[in-house]
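**Student:** Would you mind keeping the following structure in view while I ask a few things?
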Amino acid sequence: MNSISEILKSEFIGKDVTIRGWVYRSRSMGKKAFVVIRDSTGIIQAVAERSNMPEEEFTLAEGITAESSVEVTGTVAEDKRAPGERELRLKSFKVFCRNESFPVTKDKGEEFLLDIRHLWLRSREFTSILKIRSTVFRSFADYFYGQNYYQVQAPMMVSTATEGGSTLFKVPFFGEEVNLTQSSQFYLETMIFSLEKVFTIAPSFRAEKSRTRRHLTEYWHAEGEAAWFGNEEMMQEEEKMISHIIKEVIKDNSEDLERLGRDLNKLKTYTFPFPRMKYSDVIKLGRSLGLDVNYGDDLGADEERTITMQFSKPTFITDFPATLKSFYHRPNPENPETVLCHDLLAPEGYGEIIGGGERIWELDVLQRRLRESGLREDDYYWYVDLRRYGSIPHSGFGLGLDRLVMWICGLESIRDAIPFPRTIRRMKP
RNA sequence: GCCGCCGUAGCUCAGUAGGUAGAGCACCCGGCUGUUAACCGGGCGGUCGUCGGUUCAAAUCCGACCAGCGGCGCCA
C-alpha cells in the first residue's frame with residue numbers, strides 16, 4: 001500500500017503500486033475510463049483499459065461515482081497527456097463503497113456547504129485549510145515548548161467572568177448554574193507561581209450575538225502567561241511566536257497556500273520585529289485618514305479595517321485608555337490613565353488577533369479596580385489571593401487561533417477556518 | 001440587540017398583464033481509444049420554506065411565522 005504523494009516521485013515510474021482512496025472525478029469513454037483518485041496526500045489519474053483488466057472490474061471503474069471509496073493496483077507511468085504528467089495504468093479496481101450520488105457538485109452555495117460541512121470537509125480546499133490549521137496548532141505549542149513554557153489545562157466550567165459578564169453561556173450544574181469559560185487567563189495566572197511560564201490551547205465561549213465574518217460563539221483560544229515579564233517582553237515573545245508559526249506554515253504548507261490562492265510573498269514579509277503604535281497615535285492616524293474618531297473611542301470595525309489596511313506587517317497597538325480595557329490590566333505608572341497592554345492587529349484588513357498585557361500584581365490596585373468596575377471581590381477571592389502571597393510582575397496574552405488561521409489562509413469568513421463552526425444560528429452538523 | 005437580504009428539482013438558478021413549473025450540473029441508460037469541472041443523445045427528478053388571506057384561479061398579490069445569510073455594536 002502506497003500513498004499518492006509517494007508514488008508521484010520519479011523513482012516509482014514503471015513500478016506496480018496499490019493505493020486506497022476516494023474518487024475525485026471520473027470520465028468514461030467506451031474502451032477506457034479515467035478515474036482521478038485522491039487520498040490525504042494528493043491526487044493522481046488512474047486509467048482503466050478494458051483489455052488490461054478483468055471485465056467485471058473494468059465495468060466497476062467505468063461506472064464509478066464521485067467520492068466512492070476504492071482500492072486500485074496499477075503501474076505508475078509518465079504521460080504528458082495526464083494531469084500532472086503522471087498516471088496509474090490500472091490492472092485491478094476494487095470498490096469499498098459505491099455512492100449513489102454525492103451531494104457536492106460544482107455548483108455550491110455558502111449555506112449549502114455549511115449544511116453538508118461533514119462532506120465538504122473532503123474537498124481539496126478544505127483539506128488544505130485543515131492541514132494549515134494543524135501546522136498552526138502544532139507550531140504554536142512547539143514555539144512555547146522551545147521557550148521552556150509548560151502546557152497546562154484550565155476548567156471549561158467556571159463561576160466567574162473574565163471579560164464582560166453579559167456574554168457568558170449559562171449551563172445547568174446540579175441544581176445551580178455555571179458558565180462556560182471565556183478565557184483561561186486567570187487560571188493560567190495561578191500556575192505561574194510554580195511553573196513560571198505556561199500556555200494553553202482551549203475552546204472559549206462567548207454568548208455575544210455577533211453576526212460578522214470574524215466571530216464564532218465557540219472558538220479556539222491560545223493563551224500564555226509569563227512570570228516576571230513586562231508588557232514589552234510579552235510583545236517580543238508574541239512577535240517571535242507569530243513569525244515562527246508563519247514560517248512553519250510556509251515550510252510545510254506552501255502547496256496548500258497556493259491552492260487557496262494565498263499570496264506567499266506577502267506572508268514571507270511577516271517576520272519579527274512588528275511595529276508598535278500607541279493608541280493615541282492610532283487615533284491621530286485615523287483622523288488623518290478622514291475618520292471620525294476621538295481619544296477615548298474604541299475603534300469600530302470600519303475604522304480598524306481602514307487603519308490596518310495601512311499596515312504592511314502585523315502591528316501592536318499599546319497604551320490604551322484604562323476605560324477601554326478590563327479591570328485586570330496594569331495602569332502605566334508613567335500615565336495612570338492608560339494601561340500597559342497591547343493588541344496585535346493583522347494587516348490586510350484582518351484586524352485583532354491578540355489581546356494581552358501586563359497584569360495588575362499589587363493587591364490594593366487590584367482591589368480598587370474591581371470596585372471601580374462594579375465587581376465583588378468575594379467572587380474573585382482566589383484571583384485576588386494571588387496578589388496576597390508572593391505576588392510578582394507578570395504578563396500574558398490571548399490569541400484567537402481561528403482568526404490566525406483565517407488570516408494566514410486569506411479566508412473571507414472565520415467559519416471556513418474551523419471544521420464545524422458554531423455561531424448564533426448554527427449548531428449543525 | 002439594531003439594520004438589510006434570501007428561501008422554486010439533490011445542487012446552482014430562470015420563471016409577472018395571476019391560468020398549478022423549466023435549464024445546467026449530479027444520478028440512471030446508450031454512444032465514443034486520451035479524457036482534463038470531457039463530449040453527444042435519452043431518462044429520472046418538484047406538497048414552488050410553513051400557515052393563513054384575496055381570487056373562478058396564487059411560485060406570482062397581501063399577512064404572520066420558521067429557517068438561513070450579510071453588516072453594525074462587542075470582542076479573540
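Going by the C-alpha cells order, chains are called A, B, ..., each with residues numbered from 1, while ligands are numbered from 1 in the order shown.
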May I have the residues of chain A within 6 Å of chain B, counting only C-alpha atoms (C1' of nucleotides), written as a ChimeraX atom specification?
**Tutor:** /A:29-30,101,107,353,399-400
**Student:** For the residues in that selection, give me C-alpha atoms as a short mmCIF file (atom, residue, chain, number, x, y, z; two decimals), in the first residue's frame.
**Tutor:**
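That gives us again18.cif:
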```
data_model
loop_
_atom_site.label_atom_id
_atom_site.label_comp_id
_atom_site.auth_asym_id
_atom_site.auth_seq_id
_atom_site.Cartn_x
_atom_site.Cartn_y
_atom_site.Cartn_z
CA MET A 29 -15.12 6.80 -22.86
CA GLY A 30 -16.01 3.42 -24.21
CA SER A 101 -24.84 10.35 -5.79
CA ASP A 107 -22.41 24.41 -8.07
CA ILE A 353 -5.81 38.54 16.60
CA LEU A 399 -4.68 34.62 20.69
CA GLY A 400 -7.64 33.72 18.52
#
```
**Student:** Residues near A:Asp252, anyone? I mean within 12 Å using only C-alpha atoms (C1' of nucleotides), not counting same-chain ones fewer than 2 positions away, as a list in words.
**Tutor:**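 Once the nearby chain positions are removed, what remains is Ser128, Lys131, Ile132, Arg133, Ser134, Thr135, Val136, Arg138, Ser139, Ile245, Ile246, Lys247, Glu248, Val249, Ile250, Ser254, Glu255, Asp256 and Leu257 of chain A.
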**Student:** With only C-alpha atoms (C1' of nucleotides) as the counted atoms, please give the residues lying no more than 9 Å from A:Gln236, apart from itself and same-chain residues fewer than 3 positions off, as number ranges by chain.
**Tutor:** A: 231-233, 239-241, 272-274
**Student:** For the selection just defined, write its residues with N, CA and C atoms to a file, as a short mmCIF file (atom, residue, chain, number, x, y, z; two decimals), in the first residue's frame.
**Tutor:**
```
data_model
loop_
_atom_site.label_atom_id
_atom_site.label_comp_id
_atom_site.auth_asym_id
_atom_site.auth_seq_id
_atom_site.Cartn_x
_atom_site.Cartn_y
_atom_site.Cartn_z
N ASN A 231 5.14 44.27 29.76
CA ASN A 231 4.36 44.34 28.53
C ASN A 231 5.25 44.18 27.29
N GLU A 232 6.37 44.89 27.28
CA GLU A 232 7.26 44.85 26.12
C GLU A 232 7.85 43.45 25.91
N GLU A 233 8.26 42.78 26.99
CA GLU A 233 8.82 41.43 26.84
C GLU A 233 7.78 40.46 26.30
N GLU A 239 5.64 38.31 18.98
CA GLU A 239 6.03 38.54 17.58
C GLU A 239 6.92 37.40 17.08
N LYS A 240 7.73 36.85 17.99
CA LYS A 240 8.55 35.70 17.58
C LYS A 240 7.67 34.48 17.34
N MET A 241 6.66 34.32 18.19
CA MET A 241 5.75 33.18 18.06
C MET A 241 4.98 33.26 16.73
N PHE A 272 9.30 39.04 12.48
CA PHE A 272 9.52 39.98 13.58
C PHE A 272 10.78 40.80 13.30
N PRO A 273 10.93 42.00 13.86
CA PRO A 273 10.00 42.64 14.82
C PRO A 273 8.81 43.29 14.12
N PHE A 274 7.70 43.35 14.87
CA PHE A 274 6.50 44.03 14.37
C PHE A 274 6.48 45.46 14.90
#
```
**Student:** Please return, as a list in words, all residues of stretch 83-120 of chain A that DSSP assigns to alpha helix (DSSP H) on the basis of the backbone.
**Tutor:**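 The alpha helix (DSSP H) subset of stretch 83-120 of chain A is Glu110, Glu111, Phe112, Leu113, Leu114, Asp115, Arg117, His118, Leu119 and Trp120 of chain A.
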**Student:** What's the 7 Å shell around stretch 53-61 of chain B, counting only C-alpha atoms (C1' of nucleotides), without same-chain residues fewer than 3 positions away, as JSON, numbers by chain?
**Tutor:** {"B": [8, 16, 18, 19, 48]}
**Student:** As an exercise, work out the distance from atom CA of A:Lys170 to atom CA of A:Leu375 in Å and give it to one decimal place.
**Tutor:**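 Between atom CA of A:Lys170 and atom CA of A:Leu375 the gap works out to 18.5 Å.
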**Student:** So how many Å separate atom CA of A:Thr127 and atom CA of A:Ser183, to one decimal?
**Tutor:** 28.8 Å
**Student:** Please provide as a list in words all residues within 8 Å of A:Val35, with the sequence filter that same-chain residues fewer than 5 positions apart are discarded (counting only C-alpha atoms (C1' of nucleotides)).
**Tutor:** Val23, Tyr24, Arg25, Ser26, Arg27, Gln45, Ala46, Val47, Ala48 and Ala61 of chain A
**Student:** Could you dump the residues just selected with C-alpha atoms as a PDB file, in the first residue's frame?
**Tutor:**
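The result, stored in part-v5.pdb:
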```
ATOM      1  CA  VAL A  23     -12.844   9.083  -6.432  1.00  0.00           C
ATOM      2  CA  TYR A  24     -12.228  12.765  -7.133  1.00  0.00           C
ATOM      3  CA  ARG A  25     -13.571  12.709 -10.709  1.00  0.00           C
ATOM      4  CA  SER A  26     -14.344  10.046 -13.263  1.00  0.00           C
ATOM      5  CA  ARG A  27     -14.786  10.122 -17.034  1.00  0.00           C
ATOM      6  CA  GLN A  45      -5.283   9.998 -12.511  1.00  0.00           C
ATOM      7  CA  ALA A  46      -5.858   6.282 -12.910  1.00  0.00           C
ATOM      8  CA  VAL A  47      -6.546   4.867 -16.376  1.00  0.00           C
ATOM      9  CA  ALA A  48      -8.676   1.763 -16.722  1.00  0.00           C
ATOM     10  CA  ALA A  61     -14.308   1.501 -12.946  1.00  0.00           C
TER      11      ALA A  61
END
```
**Student:** Apply DSSP to the backbone of this structure and, from stretch 100-183 of chain A, keep only the residues in strand (DSSP E or B); write these as a list in words.
**Tutor:**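 Filtering stretch 100-183 of chain A to strand (DSSP E or B) leaves Tyr150, Gln151, Met157, Val158, Lys170, Val171, Pro172, Phe173, Glu176, Glu177, Val178, Asn179 and Leu180 of chain A.
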**Student:** Give me, as a list in words, all polymer residues having an atom no more than 6 Å from stretch 2-10 of chain A, counting only C-alpha atoms (C1' of nucleotides) and skipping those fewer than 3 positions away in the same chain.
**Tutor:**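 Counting only the stated atoms, we get Ile13, Ile19, Thr41 and Gly42 of chain A.
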**Student:** For the selection just defined, write its residues with N, CA and C atoms to a file, as a compact mmCIF listing (two decimals), in the first residue's frame.
**Tutor:**
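See part_39.txt below for the written result:
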```
# COMPACT_ATOMS: atom_id res chain seq x y z
N ILE A 13 8.24 5.44 -11.21
CA ILE A 13 7.83 5.24 -12.60
C ILE A 13 8.17 3.83 -13.05
N ILE A 19 -2.97 1.63 -4.28
CA ILE A 19 -3.38 2.78 -3.45
C ILE A 19 -4.85 2.64 -3.06
N THR A 41 -2.94 12.66 0.86
CA THR A 41 -1.66 13.25 0.46
C THR A 41 -1.69 13.90 -0.92
N GLY A 42 -2.64 13.55 -1.77
CA GLY A 42 -2.63 14.14 -3.10
C GLY A 42 -3.63 13.47 -4.02
```
**Student:** Which is closest to B:C2 among A:Leu324, A:Asp385, A:Phe397, A:Lys209, if we use only C-alpha atoms (C1' of nucleotides)?
**Tutor:** A:Lys209
**Student:** For a test of reading the model, state the distance in Å between atom CA of A:Ile283 and atom CA of A:Arg211, rounded to one decimal.
**Tutor:**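 Atom CA of A:Arg211 lies at a distance of 26.1 Å from atom CA of A:Ile283.
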